[in-house]
file model.cif (mmCIF, C-alpha atoms and all ligand atoms)
data_coords
#
loop_
_atom_site.label_atom_id
_atom_site.label_comp_id
_atom_site.auth_asym_id
_atom_site.auth_seq_id
_atom_site.Cartn_x
_atom_site.Cartn_y
_atom_site.Cartn_z
CA MET A 1143 4.53 33.08 5.04
CA VAL A 1144 1.21 31.27 4.88
CA ASP A 1145 1.32 27.59 5.85
CA LYS A 1146 1.27 25.37 2.81
CA SER A 1147 -1.11 22.44 2.64
CA GLU A 1148 0.45 18.97 2.63
CA GLU A 1149 -0.55 18.48 -1.00
CA GLU A 1150 1.12 21.72 -1.99
CA LYS A 1151 4.30 20.67 -0.27
CA ILE A 1152 4.31 17.36 -2.16
CA ALA A 1153 3.70 19.10 -5.49
CA GLU A 1154 6.66 21.30 -4.66
CA ALA A 1155 8.89 18.38 -3.72
CA VAL A 1156 8.51 16.54 -7.01
CA SER A 1157 8.52 19.66 -9.14
CA GLY A 1158 12.06 20.27 -7.91
CA GLU A 1159 10.94 23.76 -7.05
CA GLY A 1160 12.04 25.61 -3.99
CA MET A 1161 15.58 24.31 -4.14
CA GLU A 1162 16.92 27.83 -4.49
CA ASP A 1163 13.78 29.84 -4.06
CA GLU A 1164 11.50 28.59 -1.28
CA LYS A 1165 8.90 31.19 -2.04
CA LYS A 1166 8.07 30.27 -5.60
CA THR A 1167 4.35 30.10 -6.01
CA ILE A 1168 2.93 26.73 -6.90
CA LYS A 1169 -0.36 25.55 -8.17
CA LYS A 1170 -2.88 25.10 -5.47
CA ILE A 1171 -4.49 21.73 -5.21
CA VAL A 1172 -7.78 21.84 -3.42
CA LYS A 1173 -9.25 18.72 -1.96
CA LYS A 1174 -12.86 18.31 -2.93
CA LYS A 1175 -15.32 17.53 -0.19
CA GLU A 1176 -18.72 16.63 -1.52
CA GLY A 1177 -21.78 17.41 0.52
CA LYS A 1178 -21.78 17.24 4.26
CA THR A 1179 -19.80 14.61 6.05
CA VAL A 1180 -21.30 12.21 8.55
CA SER A 1181 -19.21 10.77 11.33
CA ILE A 1182 -19.39 8.14 14.05
CA ALA A 1183 -20.81 10.81 16.36
CA ASP A 1184 -23.99 10.88 14.23
CA ILE A 1185 -24.81 7.28 15.11
CA PRO A 1186 -27.44 6.87 17.80
CA GLY A 1187 -26.15 5.10 20.89
CA VAL A 1188 -22.48 5.94 20.30
CA GLY A 1189 -21.46 8.52 22.88
CA PRO A 1190 -18.19 10.38 23.43
CA GLY A 1191 -16.83 7.62 25.70
CA ALA A 1192 -17.39 4.98 23.06
CA ILE A 1193 -15.92 7.25 20.37
CA ALA A 1194 -12.74 7.69 22.41
CA LYS A 1195 -12.42 3.93 22.84
CA LEU A 1196 -13.02 3.34 19.15
CA GLU A 1197 -10.42 5.93 18.22
CA ALA A 1198 -7.95 4.29 20.57
CA ALA A 1199 -8.56 1.08 18.63
CA GLY A 1200 -7.92 2.82 15.31
CA ILE A 1201 -11.55 3.20 14.23
CA TYR A 1202 -12.24 6.74 13.17
CA ASP A 1203 -15.01 6.73 10.63
CA LEU A 1204 -18.25 5.10 9.59
CA MET A 1205 -16.54 2.63 7.31
CA GLY A 1206 -14.32 1.45 10.15
CA LEU A 1207 -17.40 0.86 12.26
CA ALA A 1208 -19.58 -0.57 9.51
CA VAL A 1209 -17.17 -3.42 8.84
CA LEU A 1210 -17.04 -4.58 12.48
CA THR A 1211 -19.00 -7.48 13.91
CA PRO A 1212 -21.36 -6.76 16.85
CA PRO A 1213 -19.24 -8.69 19.40
CA SER A 1214 -16.04 -6.90 18.39
CA LEU A 1215 -17.70 -3.47 18.50
CA ALA A 1216 -19.27 -4.32 21.87
CA MET A 1217 -15.87 -5.27 23.25
CA THR A 1218 -13.96 -2.37 21.71
CA ALA A 1219 -16.43 0.37 22.62
CA GLY A 1220 -17.55 -1.10 25.94
CA MET A 1221 -21.20 -1.29 24.94
CA GLY A 1222 -23.87 -4.00 24.96
CA GLU A 1223 -24.09 -6.34 22.01
CA ALA A 1224 -27.64 -5.29 21.09
CA ALA A 1225 -26.61 -1.63 21.00
CA ALA A 1226 -23.53 -2.57 18.99
CA ARG A 1227 -25.68 -4.39 16.44
CA LYS A 1228 -27.94 -1.34 16.07
CA ALA A 1229 -24.95 1.00 15.71
CA ILE A 1230 -23.43 -1.16 12.97
CA GLN A 1231 -26.75 -1.30 11.15
CA ALA A 1232 -27.07 2.48 11.37
CA ALA A 1233 -23.52 2.96 10.06
CA ARG A 1234 -24.19 0.60 7.17
CA GLN A 1235 -27.39 2.44 6.31
CA MET A 1236 -25.68 5.81 6.41
CA MET A 1237 -22.94 4.50 4.18
CA ASP A 1238 -25.37 2.82 1.87
CA LEU A 1239 -23.62 -0.50 2.20
CA GLY A 1240 -25.30 -3.54 0.76
CA PHE A 1241 -26.12 -4.46 -2.79
CA SER A 1242 -25.51 -1.96 -5.51
CA ASP A 1243 -26.01 -2.46 -9.22
CA GLY A 1244 -23.18 -2.93 -11.67
CA LEU A 1245 -23.41 0.62 -12.92
CA ALA A 1246 -23.11 2.06 -9.42
CA HIS A 1247 -20.17 -0.26 -8.88
CA GLU A 1248 -18.52 1.04 -12.01
CA GLU A 1249 -19.07 4.57 -10.74
CA LYS A 1250 -17.34 3.67 -7.45
CA ARG A 1251 -14.38 2.23 -9.28
CA LYS A 1252 -13.82 5.65 -10.80
CA GLU A 1253 -12.50 6.76 -7.39
CA ILE A 1254 -9.54 4.46 -7.92
CA PHE A 1255 -6.28 6.01 -9.01
CA PHE A 1256 -2.91 4.69 -10.06
CA ILE A 1257 0.73 5.12 -9.13
CA THR A 1258 3.45 4.72 -11.73
CA THR A 1259 6.24 2.23 -11.12
CA GLY A 1260 8.60 4.39 -13.17
CA SER A 1261 8.70 1.80 -15.98
CA LYS A 1262 6.14 1.98 -18.76
CA ASN A 1263 6.47 -1.76 -19.36
CA LEU A 1264 5.59 -2.50 -15.75
CA ASP A 1265 2.78 0.05 -15.71
CA ASP A 1266 1.34 -1.56 -18.85
CA LEU A 1267 1.57 -5.01 -17.31
CA LEU A 1268 -0.49 -3.70 -14.40
CA GLY A 1269 -3.20 -2.39 -16.71
CA GLY A 1270 -1.60 0.79 -18.01
CA LYS A 1271 -0.88 3.09 -15.11
CA GLY A 1272 0.88 1.16 -12.37
CA VAL A 1273 -0.36 -0.03 -9.00
CA GLN A 1274 -3.85 0.97 -7.99
CA THR A 1275 -5.64 2.10 -4.87
CA LYS A 1276 -8.14 -0.07 -3.00
CA ALA A 1277 -5.99 -3.06 -3.85
CA ILE A 1278 -2.97 -4.97 -2.57
CA THR A 1279 -0.20 -5.49 -5.10
CA GLU A 1280 2.37 -8.12 -4.18
CA ALA A 1281 5.82 -8.64 -5.63
CA PHE A 1282 7.47 -11.95 -4.81
CA GLY A 1283 10.83 -13.19 -5.92
CA ALA A 1284 14.30 -14.27 -4.87
CA PHE A 1285 16.79 -11.91 -3.21
CA GLY A 1286 18.05 -9.25 -5.55
CA SER A 1287 15.10 -9.66 -7.90
CA GLY A 1288 14.08 -6.01 -7.47
CA LYS A 1289 11.23 -6.03 -4.93
CA THR A 1290 12.72 -3.32 -2.76
CA GLN A 1291 13.85 -1.25 -5.75
CA LEU A 1292 10.29 -1.27 -7.02
CA ALA A 1293 9.06 -0.25 -3.57
CA LEU A 1294 11.41 2.73 -3.52
CA SER A 1295 10.43 3.74 -7.04
CA LEU A 1296 6.73 3.70 -6.05
CA ALA A 1297 7.47 5.72 -2.90
CA VAL A 1298 8.82 8.45 -5.15
CA GLY A 1299 6.21 7.95 -7.90
CA VAL A 1300 3.27 8.43 -5.53
CA GLN A 1301 4.40 12.01 -4.95
CA LEU A 1302 4.13 12.98 -8.60
CA PRO A 1303 1.12 15.00 -9.73
CA VAL A 1304 -1.77 12.93 -11.08
CA GLU A 1305 -1.04 14.07 -14.67
CA GLN A 1306 2.43 12.57 -14.35
CA GLY A 1307 1.26 9.23 -13.04
CA GLY A 1308 1.36 9.90 -9.30
CA ALA A 1309 -1.21 10.63 -6.64
CA ASN A 1310 0.17 13.84 -5.16
CA GLY A 1311 0.46 11.91 -1.90
CA LYS A 1312 2.88 10.58 0.67
CA ALA A 1313 4.14 7.04 1.17
CA VAL A 1314 4.39 4.99 4.32
CA TYR A 1315 7.25 2.49 4.28
CA ILE A 1316 7.12 -0.33 6.80
CA ASP A 1317 10.57 -1.79 6.77
CA THR A 1318 10.92 -5.18 8.41
CA GLU A 1319 14.42 -5.93 7.28
CA GLY A 1320 16.24 -2.64 7.55
CA THR A 1321 16.68 -2.36 3.80
CA PHE A 1322 15.15 1.09 3.25
CA ARG A 1323 17.90 3.12 1.60
CA PRO A 1324 17.56 6.93 1.58
CA LYS A 1325 20.46 7.06 -0.86
CA ARG A 1326 18.47 5.13 -3.46
CA VAL A 1327 15.46 7.42 -2.91
CA ARG A 1328 17.74 10.37 -3.58
CA GLU A 1329 18.95 8.76 -6.80
CA PHE A 1330 15.39 8.05 -7.93
CA ALA A 1331 14.35 11.63 -7.08
CA ASP A 1332 17.36 12.99 -8.98
CA GLY A 1333 16.36 10.80 -11.92
CA LEU A 1334 13.05 12.67 -12.02
CA GLY A 1335 14.59 16.08 -11.48
CA ALA A 1336 12.82 16.29 -8.13
CA ASN A 1337 13.99 17.83 -4.87
CA ALA A 1338 15.50 14.81 -3.08
CA ASP A 1339 15.32 16.29 0.45
CA LYS A 1340 11.64 17.01 0.10
CA VAL A 1341 10.90 13.70 -1.57
CA LEU A 1342 12.53 11.92 1.38
CA LYS A 1343 10.46 13.95 3.82
CA ASN A 1344 7.29 12.67 2.16
CA ILE A 1345 8.19 9.05 2.88
CA LEU A 1346 7.28 8.06 6.41
CA VAL A 1347 9.46 5.13 7.37
CA ALA A 1348 8.95 2.82 10.33
CA ARG A 1349 11.08 -0.16 11.21
CA ALA A 1350 8.91 -3.08 12.35
CA PHE A 1351 10.79 -5.24 14.83
CA ASN A 1352 8.45 -8.21 14.95
CA SER A 1353 5.10 -9.29 13.56
CA ASP A 1354 3.13 -7.77 16.46
CA HIS A 1355 4.86 -4.46 15.90
CA GLN A 1356 4.13 -4.79 12.20
CA MET A 1357 0.43 -5.22 13.06
CA LEU A 1358 0.45 -2.27 15.43
CA LEU A 1359 1.93 0.02 12.80
CA LEU A 1360 -1.21 -0.39 10.69
CA GLU A 1361 -3.20 1.34 13.40
CA LYS A 1362 -0.66 4.15 13.37
CA ILE A 1363 -1.28 4.64 9.67
CA ALA A 1364 -4.99 5.22 10.30
CA GLU A 1365 -4.03 7.78 12.96
CA LEU A 1366 -1.67 9.60 10.61
CA ILE A 1367 -4.35 9.83 7.95
CA LYS A 1368 -6.83 11.08 10.50
CA ASP A 1369 -4.31 13.76 11.45
CA GLY A 1370 -4.36 14.95 7.86
CA GLU A 1371 -1.37 13.17 6.30
CA PRO A 1372 -2.26 12.58 2.62
CA ILE A 1373 -0.96 9.00 2.55
CA LYS A 1374 -1.71 7.32 -0.77
CA LEU A 1375 0.68 4.40 -0.68
CA VAL A 1376 1.55 1.88 2.02
CA ILE A 1377 4.57 -0.34 1.46
CA ILE A 1378 5.28 -3.43 3.54
CA ASP A 1379 8.81 -4.68 2.83
CA SER A 1380 8.63 -7.54 3.62
CA LEU A 1381 5.14 -8.78 4.33
CA THR A 1382 6.12 -12.27 5.42
CA ALA A 1383 9.69 -12.24 6.80
CA HIS A 1384 8.76 -11.75 10.47
CA PHE A 1385 5.86 -14.17 10.33
CA ARG A 1386 8.09 -16.75 8.75
CA ALA A 1387 10.88 -16.31 11.28
CA GLU A 1388 8.59 -16.30 14.32
CA TYR A 1389 6.40 -19.21 13.34
CA GLY A 1390 9.07 -21.48 11.96
CA GLY A 1391 8.11 -24.75 13.60
CA ARG A 1392 6.03 -27.35 11.86
CA GLY A 1393 3.22 -27.17 14.39
CA GLN A 1394 3.01 -23.39 14.08
CA LEU A 1395 1.99 -23.15 10.48
CA ALA A 1396 -1.73 -22.83 11.20
CA ASP A 1397 -1.10 -20.03 13.72
CA ARG A 1398 1.13 -18.22 11.29
CA GLN A 1399 -1.37 -18.42 8.48
CA GLN A 1400 -4.16 -17.22 10.72
CA LYS A 1401 -2.17 -14.21 11.86
CA LEU A 1402 -1.02 -13.42 8.36
CA ASN A 1403 -4.61 -13.65 7.16
CA LYS A 1404 -5.74 -11.16 9.78
CA TYR A 1405 -2.91 -8.83 8.85
CA LEU A 1406 -3.78 -8.95 5.16
CA HIS A 1407 -7.42 -8.40 5.99
CA ASN A 1408 -6.52 -5.26 7.94
CA LEU A 1409 -4.30 -4.08 5.10
CA MET A 1410 -7.17 -4.44 2.65
CA LYS A 1411 -9.45 -2.59 5.03
CA ILE A 1412 -7.05 0.35 5.10
CA ALA A 1413 -6.71 0.27 1.30
CA GLU A 1414 -10.48 0.47 0.83
CA GLN A 1415 -11.28 2.80 3.68
CA PHE A 1416 -8.72 5.42 2.73
CA ASN A 1417 -8.56 4.78 -1.03
CA LEU A 1418 -4.84 4.09 -1.00
CA ALA A 1419 -2.54 1.60 -2.70
CA VAL A 1420 -0.79 -1.17 -0.80
CA TYR A 1421 2.41 -2.72 -2.13
CA VAL A 1422 3.90 -5.71 -0.32
CA THR A 1423 7.01 -7.75 -0.97
CA ASN A 1424 7.30 -11.45 -0.36
CA GLN A 1425 10.10 -13.99 -0.47
CA VAL A 1426 10.14 -17.33 -2.20
CA MET A 1427 11.18 -20.79 -1.14
CA SER A 1428 11.99 -23.82 -3.18
CA ASP A 1429 9.23 -26.31 -3.65
CA PRO A 1430 10.66 -29.82 -3.65
CA ALA A 1431 7.41 -31.19 -5.09
CA GLN A 1432 7.94 -29.27 -8.31
CA LEU A 1433 9.87 -31.48 -10.72
CA PHE A 1434 9.61 -29.37 -13.87
CA GLY A 1435 9.61 -25.64 -14.47
CA ASP A 1436 10.43 -23.02 -11.86
CA PRO A 1437 10.84 -24.72 -8.47
CA THR A 1438 10.19 -21.56 -6.45
CA LYS A 1439 6.98 -20.56 -4.79
CA ALA A 1440 5.88 -17.61 -2.72
CA ILE A 1441 5.77 -17.73 1.07
CA GLY A 1442 2.36 -17.69 2.71
CA GLY A 1443 0.64 -20.02 0.29
CA ASN A 1444 -2.98 -19.52 -0.63
CA ILE A 1445 -3.65 -17.07 2.18
CA VAL A 1446 -1.33 -14.50 0.63
CA GLY A 1447 -2.20 -15.51 -2.91
CA HIS A 1448 -5.89 -14.88 -2.41
CA ALA A 1449 -5.61 -11.77 -0.29
CA CYS A 1450 -3.40 -9.92 -2.77
CA THR A 1451 -5.33 -8.42 -5.67
CA TYR A 1452 -2.36 -8.35 -8.05
CA ARG A 1453 0.62 -10.70 -7.80
CA MET A 1454 3.88 -10.11 -9.60
CA TYR A 1455 6.66 -12.64 -9.79
CA LEU A 1456 10.06 -10.98 -10.24
CA ARG A 1457 13.21 -12.70 -11.38
CA ARG A 1458 16.53 -11.87 -12.94
CA GLY A 1459 16.57 -12.03 -16.72
CA LYS A 1460 19.20 -11.74 -19.44
CA LYS A 1461 21.85 -9.02 -19.28
CA ASP A 1462 20.95 -7.93 -15.76
CA SER A 1463 17.36 -7.22 -16.70
CA ARG A 1464 14.39 -8.14 -14.49
CA VAL A 1465 11.45 -10.18 -15.70
CA CYS A 1466 8.09 -9.50 -14.12
CA LYS A 1467 5.17 -11.87 -14.51
CA LEU A 1468 1.62 -10.99 -13.53
CA ILE A 1469 -0.27 -13.93 -12.08
CA ASP A 1470 -3.99 -14.58 -11.54
CA SER A 1471 -5.23 -11.01 -11.64
CA PRO A 1472 -8.98 -10.34 -11.37
CA ASP A 1473 -9.17 -8.21 -14.51
CA LEU A 1474 -5.88 -8.48 -16.41
CA PRO A 1475 -4.37 -11.25 -18.54
CA ASP A 1476 -1.42 -13.27 -17.24
CA ASN A 1477 1.52 -11.70 -18.98
CA GLU A 1478 5.14 -10.78 -18.49
CA THR A 1479 7.49 -7.94 -19.23
CA VAL A 1480 11.09 -6.89 -18.82
CA PHE A 1481 12.68 -3.85 -17.17
CA MET A 1482 16.05 -2.70 -15.86
CA ILE A 1483 17.08 -1.35 -12.49
CA GLU A 1484 19.29 1.66 -13.05
CA THR A 1485 20.76 4.25 -10.75
CA GLY A 1486 18.16 6.87 -11.64
CA GLY A 1487 15.17 4.52 -11.47
CA LEU A 1488 13.45 1.66 -13.22
CA ARG A 1489 13.88 1.75 -16.99
CA ASP A 1490 12.23 -0.01 -19.89
CA VAL A 1491 13.68 -2.69 -22.07
CA GLU A 1492 12.29 -3.37 -25.54
CA VAL A 1493 10.03 -6.41 -25.39
P1 LIG B 1 15.64 -9.22 -0.99
O1 LIG B 1 15.10 -8.10 -0.19
O2 LIG B 1 17.01 -9.60 -0.61
O3 LIG B 1 14.74 -10.43 -1.01
O4 LIG B 1 15.76 -8.74 -2.52
P2 LIG B 1 14.98 -7.62 -3.34
O5 LIG B 1 14.14 -8.30 -4.36
O6 LIG B 1 14.32 -6.65 -2.46
O7 LIG B 1 16.17 -6.92 -4.11
P3 LIG B 1 16.40 -5.39 -4.39
O8 LIG B 1 15.15 -4.77 -4.87
O9 LIG B 1 17.05 -4.76 -3.23
O10 LIG B 1 17.40 -5.45 -5.61
C1 LIG B 1 18.77 -5.37 -5.44
C2 LIG B 1 19.40 -5.36 -6.81
O11 LIG B 1 19.02 -4.15 -7.47
C3 LIG B 1 20.87 -5.36 -6.78
O12 LIG B 1 21.36 -6.69 -6.79
C4 LIG B 1 21.23 -4.65 -8.07
O13 LIG B 1 21.20 -5.56 -9.13
C5 LIG B 1 20.09 -3.70 -8.28
N1 LIG B 1 20.45 -2.33 -7.86
C6 LIG B 1 20.35 -1.80 -6.63
N2 LIG B 1 20.82 -0.53 -6.63
C7 LIG B 1 21.23 -0.28 -7.87
C8 LIG B 1 21.83 0.85 -8.51
O14 LIG B 1 22.08 1.89 -7.90
N3 LIG B 1 22.11 0.75 -9.84
C9 LIG B 1 21.85 -0.38 -10.51
N4 LIG B 1 22.14 -0.42 -11.81
N5 LIG B 1 21.30 -1.47 -9.96
C10 LIG B 1 20.99 -1.43 -8.65
MG MG B 2 14.37 -6.30 -0.43
#
call {"tool": "encode", "arguments": {"input": "model.cif", "output": "structure tokens", "more": "lines below"}}
Ligand code: GTP
Ligand code: MG
result
Amino acid sequence: MVDKSEEEKIAEAVSGEGMEDEKKTIKKIVKKKEGKTVSIADIPGVGPGAIAKLEAAGIYDLMGLAVLTPPSLAMTAGMGEAAARKAIQAARQMMDLGFSDGLAHEEKRKEIFFITTGSKNLDDLLGGKGVQTKAITEAFGAFGSGKTQLALSLAVGVQLPVEQGGANGKAVYIDTEGTFRPKRVREFADGLGANADKVLKNILVARAFNSDHQMLLLEKIAELIKDGEPIKLVIIDSLTAHFRAEYGGRGQLADRQQKLNKYLHNLMKIAEQFNLAVYVTNQVMSDPAQLFGDPTKAIGGNIVGHACTYRMYLRRGKKDSRVCKLIDSPDLPDNETVFMIETGGLRDVEV
């Protein structure tokens, strides 16, 4: 039998096909490659030695290089700072980085695609089609508010064909708290009539044991993509738990925020570079300064608030429902909606 492409395997997983008959033919999805591709090797002054060092540091393409500063490239690739500056300039020129007009910007935004949450209400709250690529979507809320359930639903949703609200891609799940539950993925897959075994195979799970490990795993993601894994969604559940536990002391807050900032920056870089969606969960703590209204606020303060493109606040509502509020989004109104967590997935509630 001919080897199937990764995209074909994903299409098969969510179609539920191949459960009895492995050999059923499925629609072929061909990845479009426009024009000829340029790589780091095309940049003058960057030889094979430097390329190997850059790859070891998780930098594989022009975008990765173009966003570096000359000192960091010089250090990473073992080259002089003047040569590094020239290489970065060349990469930026090749990539056409710099100012572009609004129309060109609009054209670029067309590359963005969306991943359904499984609930129409939630998708609508997020602009109509769910979480989007080239952005970080954060869900914060108390324990049991549904952050992990939403993560699992997205990990299944991303595998759906584009016409059904997915991205025909795989998910990476960075689990910091050991709460990834294959059983729930199976239930969500069953809810869609998908092949649960195959759906589980398309979710690449890694347990992060501390914040350094959590950082390191981001580099692994770049490697996986370079090796041809069609990863379209990266989940970090939870973004802040390790940072919070490790930098608990009063005097450590600045260090924690700085590290968290760097981490979020790297996450955004991956989202943009590989046109994928990032979904992160975050806990809340009580804010003693708040006398009226909801006395909870998200961990990580402004650093997390500003770095995340879309912020959702989840809480329990009436009759076991969940209320989701969208806060401070760049292009959507502040609004809220209601959904239910059910065995077979997230479901809508009339609002
Ligand atoms: P923390 O990680 O503890 O901060 O919470 P979280 O926001 O990640 O909570 P999570 O998403 O894990 O939500 C757990 C809740 O989802 C449970 O309390 C249940 O109410 C609900 N839930 C989980 N599994 C099922 C299920 O199979 N059926 C139904 N109906 N509800 C479920
Ligand atoms: Mg959770």
call {"tool": "atom_distance", "arguments": {"input": "model.cif", "atom1": "CA of Ala1246 in chain A", "atom2": "CA of Thr1275 in chain A"}}
result
18.1 Å
call {"tool": "residues_near_ligand", "arguments": {"input": "model.cif", "ligand": "ligand MG 2 (chain B)", "cutoff": "12 Å", "atoms": "all atoms listed in the file", "output": "PyMOL selection string"}}
result
chain A and resi 1281-1294+1316-1323+1377-1383+1422-1426+1456
call {"tool": "write_last_selection", "arguments": {"input": "model.cif", "atoms": "C-alpha atoms", "output": "PDB file, in the frame of the given file"}}
result
ATOM      1  CA  ALA A1281       5.820  -8.640  -5.630  1.00  0.00           C
ATOM      2  CA  PHE A1282       7.470 -11.950  -4.810  1.00  0.00           C
ATOM      3  CA  GLY A1283      10.830 -13.190  -5.920  1.00  0.00           C
ATOM      4  CA  ALA A1284      14.300 -14.270  -4.870  1.00  0.00           C
ATOM      5  CA  PHE A1285      16.790 -11.910  -3.210  1.00  0.00           C
ATOM      6  CA  GLY A1286      18.050  -9.250  -5.550  1.00  0.00           C
ATOM      7  CA  SER A1287      15.100  -9.660  -7.900  1.00  0.00           C
ATOM      8  CA  GLY A1288      14.080  -6.010  -7.470  1.00  0.00           C
ATOM      9  CA  LYS A1289      11.230  -6.030  -4.930  1.00  0.00           C
ATOM     10  CA  THR A1290      12.720  -3.320  -2.760  1.00  0.00           C
ATOM     11  CA  GLN A1291      13.850  -1.250  -5.750  1.00  0.00           C
ATOM     12  CA  LEU A1292      10.290  -1.270  -7.020  1.00  0.00           C
ATOM     13  CA  ALA A1293       9.060  -0.250  -3.570  1.00  0.00           C
ATOM     14  CA  LEU A1294      11.410   2.730  -3.520  1.00  0.00           C
ATOM     15  CA  ILE A1316       7.120  -0.330   6.800  1.00  0.00           C
ATOM     16  CA  ASP A1317      10.570  -1.790   6.770  1.00  0.00           C
ATOM     17  CA  THR A1318      10.920  -5.180   8.410  1.00  0.00           C
ATOM     18  CA  GLU A1319      14.420  -5.930   7.280  1.00  0.00           C
ATOM     19  CA  GLY A1320      16.240  -2.640   7.550  1.00  0.00           C
ATOM     20  CA  THR A1321      16.680  -2.360   3.800  1.00  0.00           C
ATOM     21  CA  PHE A1322      15.150   1.090   3.250  1.00  0.00           C
ATOM     22  CA  ARG A1323      17.900   3.120   1.600  1.00  0.00           C
ATOM     23  CA  ILE A1377       4.570  -0.340   1.460  1.00  0.00           C
ATOM     24  CA  ILE A1378       5.280  -3.430   3.540  1.00  0.00           C
ATOM     25  CA  ASP A1379       8.810  -4.680   2.830  1.00  0.00           C
ATOM     26  CA  SER A1380       8.630  -7.540   3.620  1.00  0.00           C
ATOM     27  CA  LEU A1381       5.140  -8.780   4.330  1.00  0.00           C
ATOM     28  CA  THR A1382       6.120 -12.270   5.420  1.00  0.00           C
ATOM     29  CA  ALA A1383       9.690 -12.240   6.800  1.00  0.00           C
ATOM     30  CA  VAL A1422       3.900  -5.710  -0.320  1.00  0.00           C
ATOM     31  CA  THR A1423       7.010  -7.750  -0.970  1.00  0.00           C
ATOM     32  CA  ASN A1424       7.300 -11.450  -0.360  1.00  0.00           C
ATOM     33  CA  GLN A1425      10.100 -13.990  -0.470  1.00  0.00           C
ATOM     34  CA  VAL A1426      10.140 -17.330  -2.200  1.00  0.00           C
ATOM     35  CA  LEU A1456      10.060 -10.980 -10.240  1.00  0.00           C
TER      36      LEU A1456
END
call {"tool": "residues_near_point", "arguments": {"input": "model.cif", "point": "(-1.2, -19.2, -0.7)", "cutoff": "12 Å", "atoms": "all atoms listed in the file", "output": "list in words"}}
result
Thr1382, Gln1399, Gln1400, Leu1402, Asn1403, Asn1424, Val1426, Lys1439, Ala1440, Ile1441, Gly1442, Gly1443, Asn1444, Ile1445, Val1446, Gly1447, His1448, Ala1449, Cys1450 and Arg1453 of chain A
call {"tool": "atom_distance", "arguments": {"input": "model.cif", "atom1": "CA of Pro1324 in chain A", "atom2": "CA of Lys1461 in chain A"}}
result
26.6 Å
call {"tool": "residues_around", "arguments": {"input": "model.cif", "residues": "Glu1484 in chain A", "least_positions_apart": "6", "cutoff": "12 Å", "atoms": "only C-alpha atoms", "output": "ChimeraX atom specification"}}
result
/A:1260-1261,1288,1291-1292,1295,1326,1329-1330,1333,1462-1464,1490-1491
call {"tool": "atom_distance", "arguments": {"input": "model.cif", "atom1": "CA of Ser1157 in chain A", "atom2": "CA of Phe1256 in chain A"}}
result
18.9 Å
call {"tool": "axis_aligned_box", "arguments": {"input": "model.cif", "around": "ligand LIG 1 (chain B)", "padding_each_side": "3 Å", "output": "lines of an AutoDock Vina configuration file"}}
result
center_x = 18.1
center_y = -4.3
center_z = -6.0
size_x = 14.0
size_y = 18.3
size_z = 17.6
call {"tool": "closest_residue", "arguments": {"input": "model.cif", "among": "A:Ile1367, A:Glu1280, A:Asp1339, A:Asp1436", "to": "ligand LIG 1 (chain B)", "atoms": "all atoms listed in the file"}}
result
A:Glu1280
call {"tool": "residues_around", "arguments": {"input": "model.cif", "residues": "Ile1373 in chain A", "least_positions_apart": "2", "cutoff": "8 Å", "atoms": "all atoms listed in the file", "output": "ChimeraX atom specification"}}
result
/A:1311-1314,1367,1371,1375-1376,1418
call {"tool": "residues_around", "arguments": {"input": "model.cif", "residues": "Ile1182 in chain A", "least_positions_apart": "3", "cutoff": "7 Å", "atoms": "all atoms listed in the file", "output": "list in words"}}
result
Ile1185, Asp1203 and Leu1204 of chain A
call {"tool": "residues_near_point", "arguments": {"input": "model.cif", "point": "(1.8, -7.0, 14.0)", "cutoff": "12 Å", "atoms": "all atoms listed in the file", "output": "PyMOL selection string"}}
result
chain A and resi 1316+1318+1349-1362+1378+1381-1385+1388+1398+1401-1406+1408-1409
call {"tool": "closest_residue", "arguments": {"input": "model.cif", "among": "A:Arg1328, A:Arg1251, A:Lys1151, A:Arg1392", "to": "ligand LIG 1 (chain B)", "atoms": "all atoms listed in the file"}}
result
A:Arg1328
call {"tool": "closest_residue", "arguments": {"input": "model.cif", "among": "A:Leu1433, A:Asp1473, A:Gly1187, A:Val1480", "to": "Gly1222 in chain A", "atoms": "only C-alpha atoms"}}
result
A:Gly1187
